[in-house]
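Next comes target-v4.cif, with mmCIF, C-alpha atoms.
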```cif
data_target
loop_
_atom_site.label_atom_id
_atom_site.label_comp_id
_atom_site.auth_asym_id
_atom_site.auth_seq_id
_atom_site.Cartn_x
_atom_site.Cartn_y
_atom_site.Cartn_z
CA MET A 188 107.90 -24.48 144.08
CA GLN A 189 111.64 -24.45 143.57
CA LEU A 190 114.00 -22.32 141.53
CA ARG A 191 117.37 -23.00 140.02
CA PRO A 192 119.44 -20.50 138.04
CA SER A 193 120.15 -21.30 134.39
CA SER A 194 122.51 -19.75 131.85
CA LYS A 195 119.63 -17.69 130.39
CA GLY A 196 117.68 -16.95 133.58
CA VAL A 197 115.94 -19.44 135.85
CA VAL A 198 113.99 -22.68 135.80
CA LEU A 199 111.05 -23.03 138.18
CA THR A 200 109.89 -26.47 139.25
CA LEU A 201 106.24 -26.59 140.26
CA ALA A 202 103.98 -29.35 141.51
CA ARG A 203 101.09 -29.96 139.12
CA ALA A 204 98.58 -28.25 141.43
CA GLU A 205 100.87 -25.22 141.71
CA ALA A 206 101.30 -25.09 137.95
CA HIS A 207 97.54 -25.22 137.37
CA PHE A 208 96.91 -22.53 139.97
CA VAL A 209 99.53 -20.23 138.42
CA ALA A 210 97.93 -20.89 135.01
CA HIS A 211 94.58 -19.87 136.50
CA VAL A 212 96.08 -16.63 137.86
CA LEU A 213 97.72 -15.86 134.51
CA GLY A 214 94.28 -16.31 132.92
CA ARG A 215 92.80 -13.85 135.42
CA ILE A 216 95.50 -11.31 134.56
CA LEU A 217 94.64 -11.64 130.85
CA GLU A 218 90.91 -11.30 131.55
CA ASN A 219 91.46 -8.12 133.53
CA TYR A 220 93.71 -6.68 130.84
CA GLU A 221 91.04 -7.28 128.22
CA SER A 222 88.06 -6.03 130.23
CA PRO A 223 88.84 -4.76 133.72
CA ALA A 224 85.87 -5.19 136.01
CA GLY A 225 85.00 -2.50 138.51
CA ASP A 226 83.96 1.10 138.80
CA GLU A 227 85.70 4.16 137.40
CA GLY A 228 87.11 5.23 140.76
CA PHE A 229 89.10 2.09 141.39
CA THR A 230 90.31 1.64 137.81
CA ALA A 231 91.57 5.25 137.83
CA ARG A 232 93.61 4.48 140.95
CA TRP A 233 94.89 1.22 139.46
CA ASP A 234 95.89 2.51 136.04
CA GLY A 235 97.53 5.68 137.40
CA ARG A 236 95.07 8.28 136.00
CA ASP A 237 94.29 9.39 139.54
CA ALA A 238 98.01 10.05 140.22
CA LEU A 239 98.36 11.97 136.95
CA ARG A 240 95.35 14.16 137.75
CA ARG A 241 96.72 14.92 141.21
CA SER A 242 99.99 15.91 139.53
CA GLY A 243 98.29 18.43 137.25
CA ALA A 244 98.54 16.46 133.99
CA ALA A 245 96.63 17.87 131.03
CA GLU A 246 93.74 15.89 129.52
CA GLU A 247 95.74 15.09 126.39
CA ASP A 248 98.59 13.77 128.55
CA GLU A 249 96.12 11.51 130.32
CA ALA A 250 94.89 10.19 126.96
CA LEU A 251 98.49 9.51 125.87
CA TRP A 252 99.13 7.77 129.17
CA MET A 253 96.18 5.43 128.65
CA GLU A 254 97.52 4.55 125.20
CA GLU A 255 100.89 3.78 126.76
CA ARG A 256 99.24 1.60 129.41
CA ALA A 257 97.32 -0.31 126.72
CA ALA A 258 100.53 -0.83 124.73
CA PHE A 259 102.30 -2.01 127.90
CA ARG A 260 99.62 -4.62 128.54
CA GLY A 261 99.41 -5.65 124.91
CA ALA A 262 103.16 -6.17 124.70
CA HIS A 263 103.02 -8.64 127.60
CA ALA A 264 99.80 -10.48 126.75
CA GLU A 265 101.47 -12.89 124.35
CA ALA A 266 103.94 -14.05 127.00
CA LEU A 267 101.12 -14.51 129.51
CA ARG A 268 99.10 -16.62 127.03
CA SER A 269 102.10 -18.77 126.20
CA TRP A 270 102.94 -19.38 129.89
CA ARG A 271 99.30 -20.17 130.74
CA GLN A 272 99.09 -22.68 127.89
CA HIS A 273 102.35 -24.33 128.98
CA LEU A 274 101.36 -24.61 132.65
CA ALA A 275 97.70 -25.55 132.15
CA GLY A 276 98.58 -28.39 129.79
CA LEU A 277 100.93 -30.23 132.13
CA GLN A 278 100.03 -33.82 132.87
CA GLY A 279 102.92 -35.06 135.03
CA GLU A 280 103.37 -34.56 138.77
CA TRP A 281 106.03 -31.89 138.32
CA ALA A 282 106.38 -29.08 135.82
CA GLU A 283 109.42 -27.16 134.70
CA TRP A 284 108.99 -23.56 133.62
CA ALA A 285 112.01 -21.84 132.06
CA LEU A 286 112.13 -18.05 132.19
CA ASP A 287 114.88 -16.05 130.54
CA ARG A 288 115.85 -12.64 131.93
CA LYS A 289 113.37 -10.75 129.76
CA ASP A 290 110.62 -13.19 130.85
CA ILE A 291 111.50 -12.55 134.49
CA GLU A 292 111.09 -8.81 133.94
CA ILE A 293 107.71 -9.33 132.20
CA PHE A 294 106.51 -11.65 134.96
CA LEU A 295 107.49 -9.16 137.69
CA LEU A 296 105.70 -6.28 135.96
CA THR A 297 102.52 -8.17 135.14
CA ALA A 298 102.34 -10.01 138.46
CA ASN A 299 102.73 -6.79 140.41
CA ASP A 300 100.24 -5.02 138.15
CA HIS A 301 97.71 -7.76 138.96
CA ARG A 302 98.45 -7.53 142.70
CA MET A 303 97.74 -3.80 142.56
CA TYR A 304 94.56 -4.42 140.55
CA LEU A 305 93.29 -6.81 143.23
CA ALA A 306 94.34 -4.49 146.06
CA HIS A 307 92.47 -1.53 144.56
CA ARG A 308 89.43 -3.56 143.54
CA TYR A 309 88.98 -5.15 146.98
CA SER A 310 90.32 -2.21 148.99
CA ILE A 311 93.02 -4.40 150.51
CA GLY A 312 94.74 -2.57 153.36
CA GLU A 313 97.58 -3.16 155.80
CA GLY A 314 95.28 -5.10 158.13
CA ASP A 315 94.11 -7.42 155.35
CA MET A 316 97.68 -8.16 154.30
CA GLU A 317 98.51 -9.31 157.81
CA SER A 318 95.26 -11.23 158.37
CA ARG A 319 95.03 -14.99 158.42
CA LEU A 320 93.13 -16.07 155.33
CA GLU A 321 90.48 -17.90 157.34
CA GLU A 322 89.64 -14.59 159.03
CA ILE A 323 88.52 -13.10 155.70
CA GLY A 324 84.78 -13.78 155.43
CA ASP A 325 84.18 -12.76 151.84
CA ASP A 326 85.18 -15.45 149.32
CA ASP A 327 86.27 -13.02 146.59
CA ARG A 328 88.42 -10.97 148.98
CA ARG A 329 89.98 -14.16 150.37
CA MET A 330 90.78 -15.38 146.84
CA ALA A 331 92.25 -11.98 145.99
CA LEU A 332 94.53 -12.22 149.03
CA VAL A 333 95.62 -15.74 148.05
CA GLU A 334 96.63 -14.44 144.62
CA ILE A 335 98.36 -11.37 146.10
CA HIS A 336 100.44 -13.52 148.48
CA LEU A 337 101.21 -16.25 145.93
CA LEU A 338 102.44 -13.74 143.36
CA ALA A 339 104.48 -11.92 146.02
CA GLN A 340 106.17 -15.19 146.95
CA MET A 341 107.03 -15.89 143.31
CA MET A 342 108.29 -12.33 142.84
CA GLU A 343 110.55 -12.61 145.88
CA MET A 344 112.06 -15.77 144.38
CA LEU A 345 112.60 -14.12 141.00
CA LEU A 346 113.79 -10.64 142.04
CA PRO A 347 117.42 -11.66 142.74
CA HIS A 348 117.60 -12.90 139.14
CA ALA A 349 115.94 -9.89 137.49
CA PRO A 350 117.93 -7.58 135.21
CA VAL A 351 118.28 -3.99 136.46
CA MET B 157 129.31 47.08 133.87
CA ARG B 158 125.86 46.42 135.29
CA PRO B 159 125.68 44.17 138.30
CA ARG B 160 124.64 40.67 137.34
CA GLU B 161 120.89 40.30 137.61
CA ARG B 162 119.68 37.79 140.14
CA THR B 163 117.65 35.15 138.38
CA ALA B 164 115.19 32.94 140.23
CA VAL B 165 116.33 29.33 140.35
CA ASP B 166 113.64 27.01 139.04
CA PRO B 167 112.84 24.69 141.94
CA GLY B 168 111.72 22.00 139.49
CA TRP B 169 109.26 19.22 140.11
CA GLU B 170 109.57 16.67 142.86
CA VAL B 171 108.81 13.04 142.05
CA ILE B 172 107.13 11.62 145.15
CA VAL B 173 106.68 7.88 145.79
CA TRP B 174 103.99 6.98 148.33
CA ASN B 175 103.71 4.04 150.67
CA ASP B 176 101.11 1.37 150.02
CA PRO B 177 100.32 -1.87 151.84
CA VAL B 178 100.84 -4.24 148.91
CA ASN B 179 104.17 -3.57 147.18
CA THR B 180 106.97 -5.51 148.84
CA MET B 181 110.12 -3.79 150.08
CA THR B 182 112.30 -5.86 147.75
CA TYR B 183 110.22 -4.92 144.74
CA VAL B 184 110.34 -1.20 145.58
CA VAL B 185 114.15 -1.38 145.80
CA TYR B 186 114.20 -3.16 142.42
CA VAL B 187 112.05 -0.43 140.80
CA PHE B 188 114.25 2.36 142.22
CA MET B 189 117.38 0.65 140.88
CA LYS B 190 115.85 -0.08 137.48
CA VAL B 191 113.94 3.13 136.76
CA LEU B 192 115.98 5.71 138.69
CA ARG B 193 119.36 3.96 138.27
CA PHE B 194 119.97 4.17 142.03
CA ASP B 195 122.66 1.96 143.51
CA ALA B 196 121.46 -0.64 146.02
CA GLY B 197 122.22 1.49 149.09
CA ARG B 198 120.42 4.59 147.82
CA ALA B 199 117.46 2.53 146.66
CA GLN B 200 117.26 0.91 150.09
CA ARG B 201 117.37 4.29 151.88
CA HIS B 202 114.53 5.71 149.78
CA MET B 203 112.49 2.52 150.18
CA LEU B 204 112.84 2.76 153.97
CA GLU B 205 111.84 6.42 153.86
CA VAL B 206 108.69 5.47 151.94
CA HIS B 207 107.99 2.71 154.45
CA ARG B 208 108.60 4.80 157.59
CA GLU B 209 107.57 8.30 156.53
CA GLY B 210 104.85 7.35 154.06
CA ARG B 211 106.57 9.07 151.13
CA SER B 212 109.94 9.84 149.62
CA CYS B 213 111.08 12.43 147.11
CA VAL B 214 113.13 10.30 144.70
CA ALA B 215 113.97 12.95 142.10
CA ARG B 216 113.75 16.65 141.37
CA GLU B 217 113.69 17.46 137.68
CA GLY B 218 112.20 19.72 135.03
CA ARG B 219 108.56 18.99 134.27
CA GLU B 220 109.19 16.80 131.21
CA LYS B 221 111.77 14.55 132.84
CA ALA B 222 109.72 14.39 136.04
CA GLU B 223 106.66 13.26 134.06
CA PHE B 224 108.73 10.59 132.33
CA LEU B 225 110.01 9.23 135.64
CA GLN B 226 106.52 9.34 137.19
CA GLN B 227 105.09 7.33 134.29
CA GLN B 228 107.84 4.72 134.49
CA ILE B 229 107.28 4.36 138.22
CA LEU B 230 103.50 4.11 137.73
CA LEU B 231 103.99 1.44 135.06
CA HIS B 232 105.83 -0.58 137.70
CA GLY B 233 102.85 -0.32 140.05
CA LEU B 234 104.12 2.15 142.65
CA GLN B 235 102.06 5.14 143.76
CA CYS B 236 103.76 8.27 142.42
CA THR B 237 102.81 11.93 142.07
CA LEU B 238 104.55 15.16 141.11
CA GLN B 239 104.61 18.36 143.06
CA ARG B 240 106.22 21.73 142.48
CA GLY B 241 109.50 21.99 144.33
CA ALA B 242 109.65 24.29 147.33
#
```
Take the structure I supplied and represent it as structure tokens, if you would.
Amino acid sequence: MQLRPSSKGVVLTLARAEAHFVAHVLGRILENYESPAGDEGFTARWDGRDALRRSGAAEEDEALWMEERAAFRGAHAEALRSWRQHLAGLQGEWAEWALDRKDIEIFLLTANDHRMYLAHRYSIGEGDMESRLEEIGDDDRRMALVEIHLLAQMMEMLLPHAPV
Amino acid sequence: MRPRERTAVDPGWEVIVWNDPVNTMTYVVYVFMKVLRFDAGRAQRHMLEVHREGRSCVAREGREKAEFLQQQILLHGLQCTLQRGA
């Protein structure tokens, strides 16, 4: 995967396999936004309700927060669908993926949101993050770590080009 | 003239960001710059405090502003709570 700056943002060049894998991850993000799997305890940690409760937020504030979270996800879902369609449909050996500055911001937010979802769902800790993937016995946990590391790598490439 | 009455200074609410094993250092700096409008050096110092000490107080505000900042930080995926200032 390579990146070059453009006048509007950046252009990523991906090998076909990379493009299809990123498309797969984008699909997983959309699935989790529509119907997050997992128990109440982990989703409350992921979506921030746990932090609000520990900060003394009122019940109505928590309800407003959940509406805001839903609006946040909904606002980004269209971009995720469009990117997934673009990357999944590529036939050549190499794919170009143009992201303007607003797209970069959306990608950073949604990619990190998904990394946190996976971390909470699979209880990923410091030790897991530093483990070699072949040391992770459980297939789902290993796949979660692959996604966490891949998205982190892409984020590190994009962060210098993100608007602040 | 009566002596001026001493009024208690409201200590406000502290916005605390907590360490976690998944968010990258670069991303935490980005969030501090974007949400809190810190310059790069200040964002870096608070990120390192989170990393080394496990937490950093990034703002002290009235309840409403503190809640707003907490929600923005949570939307960016960092662990963030509020506590009454000392």
As a short mmCIF file (atom, residue, chain, number, x, y, z; two decimals) with C-alpha atoms, in the frame of the given file, could you give me every residue of chain B near chain A (at most 7 Å apart, counting only C-alpha atoms)?
```cif
data_model
loop_
_atom_site.label_atom_id
_atom_site.label_comp_id
_atom_site.auth_asym_id
_atom_site.auth_seq_id
_atom_site.Cartn_x
_atom_site.Cartn_y
_atom_site.Cartn_z
CA PRO B 177 100.32 -1.87 151.84
CA MET B 189 117.38 0.65 140.88
CA LYS B 190 115.85 -0.08 137.48
CA LEU B 230 103.50 4.11 137.73
CA HIS B 232 105.83 -0.58 137.70
CA GLY B 233 102.85 -0.32 140.05
CA CYS B 236 103.76 8.27 142.42
CA THR B 237 102.81 11.93 142.07
CA LEU B 238 104.55 15.16 141.11
CA GLN B 239 104.61 18.36 143.06
#
```
First collect every listed atom of segment 313-320 of chain A; then fit an axis-aligned box around them, widen it by 8 Å on each side, and give centre and edge lengths in Å to one decimal, as JSON.
```
{"center_x": 95.8, "center_y": -9.6, "center_z": 156.4, "size_x": 21.4, "size_y": 28.9, "size_z": 20.1}
```
- Message: as a PyMOL selection string, please: the residues near Glu209 of chain B (cut-off 12 Å, only C-alpha atoms, same-chain neighbours under 4 positions excluded).
- Response: chain B and resi 172-176+201-205+213
Just write the chosen residues, C-alpha atoms, as an mmCIF file, in the coordinates of the input.
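The resulting file, part29.cif, is shown below:
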```
data_model
loop_
_atom_site.group_PDB
_atom_site.id
_atom_site.type_symbol
_atom_site.label_atom_id
_atom_site.label_comp_id
_atom_site.auth_asym_id
_atom_site.auth_seq_id
_atom_site.Cartn_x
_atom_site.Cartn_y
_atom_site.Cartn_z
ATOM 1 C CA ILE B 172 107.130 11.620 145.150
ATOM 2 C CA VAL B 173 106.680 7.880 145.790
ATOM 3 C CA TRP B 174 103.990 6.980 148.330
ATOM 4 C CA ASN B 175 103.710 4.040 150.670
ATOM 5 C CA ASP B 176 101.110 1.370 150.020
ATOM 6 C CA ARG B 201 117.370 4.290 151.880
ATOM 7 C CA HIS B 202 114.530 5.710 149.780
ATOM 8 C CA MET B 203 112.490 2.520 150.180
ATOM 9 C CA LEU B 204 112.840 2.760 153.970
ATOM 10 C CA GLU B 205 111.840 6.420 153.860
ATOM 11 C CA CYS B 213 111.080 12.430 147.110
#
```
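Residue nearest Phe224 of chain B, chosen from B:Val185, B:Ala199, B:Leu192, B:Val206 and counting all atoms listed in the file: B:Leu192.
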- Task: Report the residues retrieved by the PyMOL selection byres ((chain B and resi 215-222) around 6) from the displayed file, expressed as a list in words.
- Result: Gly168, Trp169, Glu170, Val171, Cys213, Val214, Glu223, Phe224 and Leu225 of chain B
- Mind listing as a ChimeraX atom specification all residues within 10 Å of (94.6, -14.1, 150.9), counting all atoms listed in the file? /A:311,315-323,326-337
- Message: To one decimal place in Å, what is the distance between atom CA of Thr200 of chain A and atom CA of Leu286 of chain A?
- Response: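 Atom-to-atom, atom CA of Thr200 of chain A and atom CA of Leu286 of chain A are spaced 11.2 Å apart.
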- Output the residue selection produced by the PyMOL selection byres ((chain A and resi 205-211) around 12) on the file above, formatted as an MDAnalysis selection string. chainID A and resid 188:189 199:204 212:218 267:284 294 298 330 333:335 337:338 340:341
Would you output that residue set with C-alpha atoms, as an mmCIF file, in the coordinates of the input?
```cif
data_model
loop_
_atom_site.group_PDB
_atom_site.id
_atom_site.type_symbol
_atom_site.label_atom_id
_atom_site.label_comp_id
_atom_site.auth_asym_id
_atom_site.auth_seq_id
_atom_site.Cartn_x
_atom_site.Cartn_y
_atom_site.Cartn_z
ATOM 1 C CA MET A 188 107.900 -24.480 144.080
ATOM 2 C CA GLN A 189 111.640 -24.450 143.570
ATOM 3 C CA LEU A 199 111.050 -23.030 138.180
ATOM 4 C CA THR A 200 109.890 -26.470 139.250
ATOM 5 C CA LEU A 201 106.240 -26.590 140.260
ATOM 6 C CA ALA A 202 103.980 -29.350 141.510
ATOM 7 C CA ARG A 203 101.090 -29.960 139.120
ATOM 8 C CA ALA A 204 98.580 -28.250 141.430
ATOM 9 C CA VAL A 212 96.080 -16.630 137.860
ATOM 10 C CA LEU A 213 97.720 -15.860 134.510
ATOM 11 C CA GLY A 214 94.280 -16.310 132.920
ATOM 12 C CA ARG A 215 92.800 -13.850 135.420
ATOM 13 C CA ILE A 216 95.500 -11.310 134.560
ATOM 14 C CA LEU A 217 94.640 -11.640 130.850
ATOM 15 C CA GLU A 218 90.910 -11.300 131.550
ATOM 16 C CA LEU A 267 101.120 -14.510 129.510
ATOM 17 C CA ARG A 268 99.100 -16.620 127.030
ATOM 18 C CA SER A 269 102.100 -18.770 126.200
ATOM 19 C CA TRP A 270 102.940 -19.380 129.890
ATOM 20 C CA ARG A 271 99.300 -20.170 130.740
ATOM 21 C CA GLN A 272 99.090 -22.680 127.890
ATOM 22 C CA HIS A 273 102.350 -24.330 128.980
ATOM 23 C CA LEU A 274 101.360 -24.610 132.650
ATOM 24 C CA ALA A 275 97.700 -25.550 132.150
ATOM 25 C CA GLY A 276 98.580 -28.390 129.790
ATOM 26 C CA LEU A 277 100.930 -30.230 132.130
ATOM 27 C CA GLN A 278 100.030 -33.820 132.870
ATOM 28 C CA GLY A 279 102.920 -35.060 135.030
ATOM 29 C CA GLU A 280 103.370 -34.560 138.770
ATOM 30 C CA TRP A 281 106.030 -31.890 138.320
ATOM 31 C CA ALA A 282 106.380 -29.080 135.820
ATOM 32 C CA GLU A 283 109.420 -27.160 134.700
ATOM 33 C CA TRP A 284 108.990 -23.560 133.620
ATOM 34 C CA PHE A 294 106.510 -11.650 134.960
ATOM 35 C CA ALA A 298 102.340 -10.010 138.460
ATOM 36 C CA MET A 330 90.780 -15.380 146.840
ATOM 37 C CA VAL A 333 95.620 -15.740 148.050
ATOM 38 C CA GLU A 334 96.630 -14.440 144.620
ATOM 39 C CA ILE A 335 98.360 -11.370 146.100
ATOM 40 C CA LEU A 337 101.210 -16.250 145.930
ATOM 41 C CA LEU A 338 102.440 -13.740 143.360
ATOM 42 C CA GLN A 340 106.170 -15.190 146.950
ATOM 43 C CA MET A 341 107.030 -15.890 143.310
#
```
- If we count only C-alpha atoms, what is near Ser193 of chain A at a cut-off of 9 Å, once residues fewer than 5 positions away on the same chain are taken out, given as a VMD selection string? chain A and resid 198 285 to 287
- Query: Neighbours of Pro167 of chain B within 7 Å (all atoms listed in the file; same-chain residues fewer than 2 positions away dropped), as a ChimeraX atom specification?
  - Reply: /B:165,169,241-242
- Which distance in Å separates atom CA of Leu251 of chain A and atom CA of Glu227 of chain A, to one decimal?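 According to the coordinates, atom CA of Leu251 of chain A and atom CA of Glu227 of chain A are separated by 18.0 Å.
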- Task: Compare A:Ala264, A:Gly196, A:Tyr309, A:Ala258 by their minimum atom-to-atom distance to Glu292 of chain A, counting all atoms listed in the file, and give me the closest one.
- Result: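 The answer is A:Gly196, which sits nearest to Glu292 of chain A.
Compared by their closest atoms to Tyr220 of chain A, and using only C-alpha atoms, the residues A:Ala257, A:Leu190, A:Glu246, A:Met344 rank with A:Ala257 nearest.
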- Quick one, how far is atom CA of Leu231 of chain B from atom CA of Val191 of chain B? 10.2 Å
- Of A:His263, A:Ser222, A:Asp325, A:Arg288, the one nearest to Pro192 of chain A when counting only C-alpha atoms is A:Arg288
Where atoms are missing, can you supply all heavy atoms for segment 241-251 of chain A and output the lot as a PDB file, in the frame of the given file?
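As written to disk, selection16.pdb reads:
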```
ATOM      1  N   ARG A 241      96.244  14.232 140.007  1.00  0.00           N
ATOM      2  CA  ARG A 241      96.720  14.920 141.210  1.00  0.00           C
ATOM      3  C   ARG A 241      98.035  15.646 140.955  1.00  0.00           C
ATOM      4  O   ARG A 241      98.449  16.493 141.738  1.00  0.00           O
ATOM      5  CB  ARG A 241      96.861  13.921 142.369  1.00  0.00           C
ATOM      6  CG  ARG A 241      95.507  13.537 142.962  1.00  0.00           C
ATOM      7  CD  ARG A 241      95.644  12.729 144.223  1.00  0.00           C
ATOM      8  NE  ARG A 241      96.061  11.364 143.947  1.00  0.00           N
ATOM      9  CZ  ARG A 241      97.044  10.728 144.555  1.00  0.00           C
ATOM     10  NH1 ARG A 241      97.752  11.341 145.493  1.00  0.00           N
ATOM     11  NH2 ARG A 241      97.332   9.474 144.263  1.00  0.00           N
ATOM     12  N   SER A 242      98.713  15.272 139.863  1.00  0.00           N
ATOM     13  CA  SER A 242      99.990  15.910 139.530  1.00  0.00           C
ATOM     14  C   SER A 242      99.813  17.022 138.516  1.00  0.00           C
ATOM     15  O   SER A 242     100.799  17.585 138.026  1.00  0.00           O
ATOM     16  CB  SER A 242     100.962  14.862 138.970  1.00  0.00           C
ATOM     17  OG  SER A 242     101.114  13.806 139.884  1.00  0.00           O
ATOM     18  N   GLY A 243      98.560  17.316 138.161  1.00  0.00           N
ATOM     19  CA  GLY A 243      98.290  18.430 137.250  1.00  0.00           C
ATOM     20  C   GLY A 243      98.471  18.112 135.788  1.00  0.00           C
ATOM     21  O   GLY A 243      98.696  19.014 134.985  1.00  0.00           O
ATOM     22  N   ALA A 244      98.365  16.827 135.405  1.00  0.00           N
ATOM     23  CA  ALA A 244      98.540  16.460 133.990  1.00  0.00           C
ATOM     24  C   ALA A 244      97.367  17.001 133.163  1.00  0.00           C
ATOM     25  O   ALA A 244      96.231  17.029 133.633  1.00  0.00           O
ATOM     26  CB  ALA A 244      98.627  14.946 133.851  1.00  0.00           C
ATOM     27  N   ALA A 245      97.669  17.387 131.941  1.00  0.00           N
ATOM     28  CA  ALA A 245      96.630  17.870 131.030  1.00  0.00           C
ATOM     29  C   ALA A 245      95.825  16.679 130.521  1.00  0.00           C
ATOM     30  O   ALA A 245      96.295  15.540 130.560  1.00  0.00           O
ATOM     31  CB  ALA A 245      97.274  18.614 129.867  1.00  0.00           C
ATOM     32  N   GLU A 246      94.609  16.967 130.006  1.00  0.00           N
ATOM     33  CA  GLU A 246      93.740  15.890 129.520  1.00  0.00           C
ATOM     34  C   GLU A 246      94.407  15.094 128.404  1.00  0.00           C
ATOM     35  O   GLU A 246      94.281  13.874 128.334  1.00  0.00           O
ATOM     36  CB  GLU A 246      92.416  16.462 129.016  1.00  0.00           C
ATOM     37  CG  GLU A 246      91.370  16.575 130.105  1.00  0.00           C
ATOM     38  CD  GLU A 246      90.023  17.034 129.574  1.00  0.00           C
ATOM     39  OE1 GLU A 246      89.649  16.637 128.464  1.00  0.00           O
ATOM     40  OE2 GLU A 246      89.371  17.814 130.291  1.00  0.00           O
ATOM     41  N   GLU A 247      95.110  15.811 127.506  1.00  0.00           N
ATOM     42  CA  GLU A 247      95.740  15.090 126.390  1.00  0.00           C
ATOM     43  C   GLU A 247      96.874  14.189 126.889  1.00  0.00           C
ATOM     44  O   GLU A 247      97.128  13.122 126.334  1.00  0.00           O
ATOM     45  CB  GLU A 247      96.233  16.039 125.291  1.00  0.00           C
ATOM     46  CG  GLU A 247      97.200  17.109 125.750  1.00  0.00           C
ATOM     47  CD  GLU A 247      96.507  18.427 126.070  1.00  0.00           C
ATOM     48  OE1 GLU A 247      95.353  18.383 126.556  1.00  0.00           O
ATOM     49  OE2 GLU A 247      97.128  19.484 125.849  1.00  0.00           O
ATOM     50  N   ASP A 248      97.541  14.621 127.964  1.00  0.00           N
ATOM     51  CA  ASP A 248      98.590  13.770 128.550  1.00  0.00           C
ATOM     52  C   ASP A 248      97.981  12.507 129.145  1.00  0.00           C
ATOM     53  O   ASP A 248      98.566  11.429 129.071  1.00  0.00           O
ATOM     54  CB  ASP A 248      99.356  14.535 129.634  1.00  0.00           C
ATOM     55  CG  ASP A 248     100.206  15.647 129.055  1.00  0.00           C
ATOM     56  OD1 ASP A 248     100.561  15.539 127.866  1.00  0.00           O
ATOM     57  OD2 ASP A 248     100.480  16.619 129.770  1.00  0.00           O
ATOM     58  N   GLU A 249      96.788  12.677 129.731  1.00  0.00           N
ATOM     59  CA  GLU A 249      96.120  11.510 130.320  1.00  0.00           C
ATOM     60  C   GLU A 249      95.738  10.521 129.218  1.00  0.00           C
ATOM     61  O   GLU A 249      95.886   9.307 129.389  1.00  0.00           O
ATOM     62  CB  GLU A 249      94.872  11.983 131.073  1.00  0.00           C
ATOM     63  CG  GLU A 249      94.238  10.896 131.901  1.00  0.00           C
ATOM     64  CD  GLU A 249      93.026  11.407 132.679  1.00  0.00           C
ATOM     65  OE1 GLU A 249      93.141  12.461 133.328  1.00  0.00           O
ATOM     66  OE2 GLU A 249      91.985  10.743 132.631  1.00  0.00           O
ATOM     67  N   ALA A 250      95.267  11.064 128.077  1.00  0.00           N
ATOM     68  CA  ALA A 250      94.890  10.190 126.960  1.00  0.00           C
ATOM     69  C   ALA A 250      96.126   9.446 126.435  1.00  0.00           C
ATOM     70  O   ALA A 250      96.072   8.234 126.162  1.00  0.00           O
ATOM     71  CB  ALA A 250      94.257  11.011 125.852  1.00  0.00           C
ATOM     72  N   LEU A 251      97.250  10.153 126.330  1.00  0.00           N
ATOM     73  CA  LEU A 251      98.490   9.510 125.870  1.00  0.00           C
ATOM     74  C   LEU A 251      98.935   8.430 126.848  1.00  0.00           C
ATOM     75  O   LEU A 251      99.413   7.363 126.467  1.00  0.00           O
ATOM     76  CB  LEU A 251      99.606  10.552 125.709  1.00  0.00           C
ATOM     77  CG  LEU A 251      99.496  11.479 124.501  1.00  0.00           C
ATOM     78  CD1 LEU A 251     100.531  12.587 124.585  1.00  0.00           C
ATOM     79  CD2 LEU A 251      99.688  10.678 123.204  1.00  0.00           C
TER      80      LEU A 251
END
```
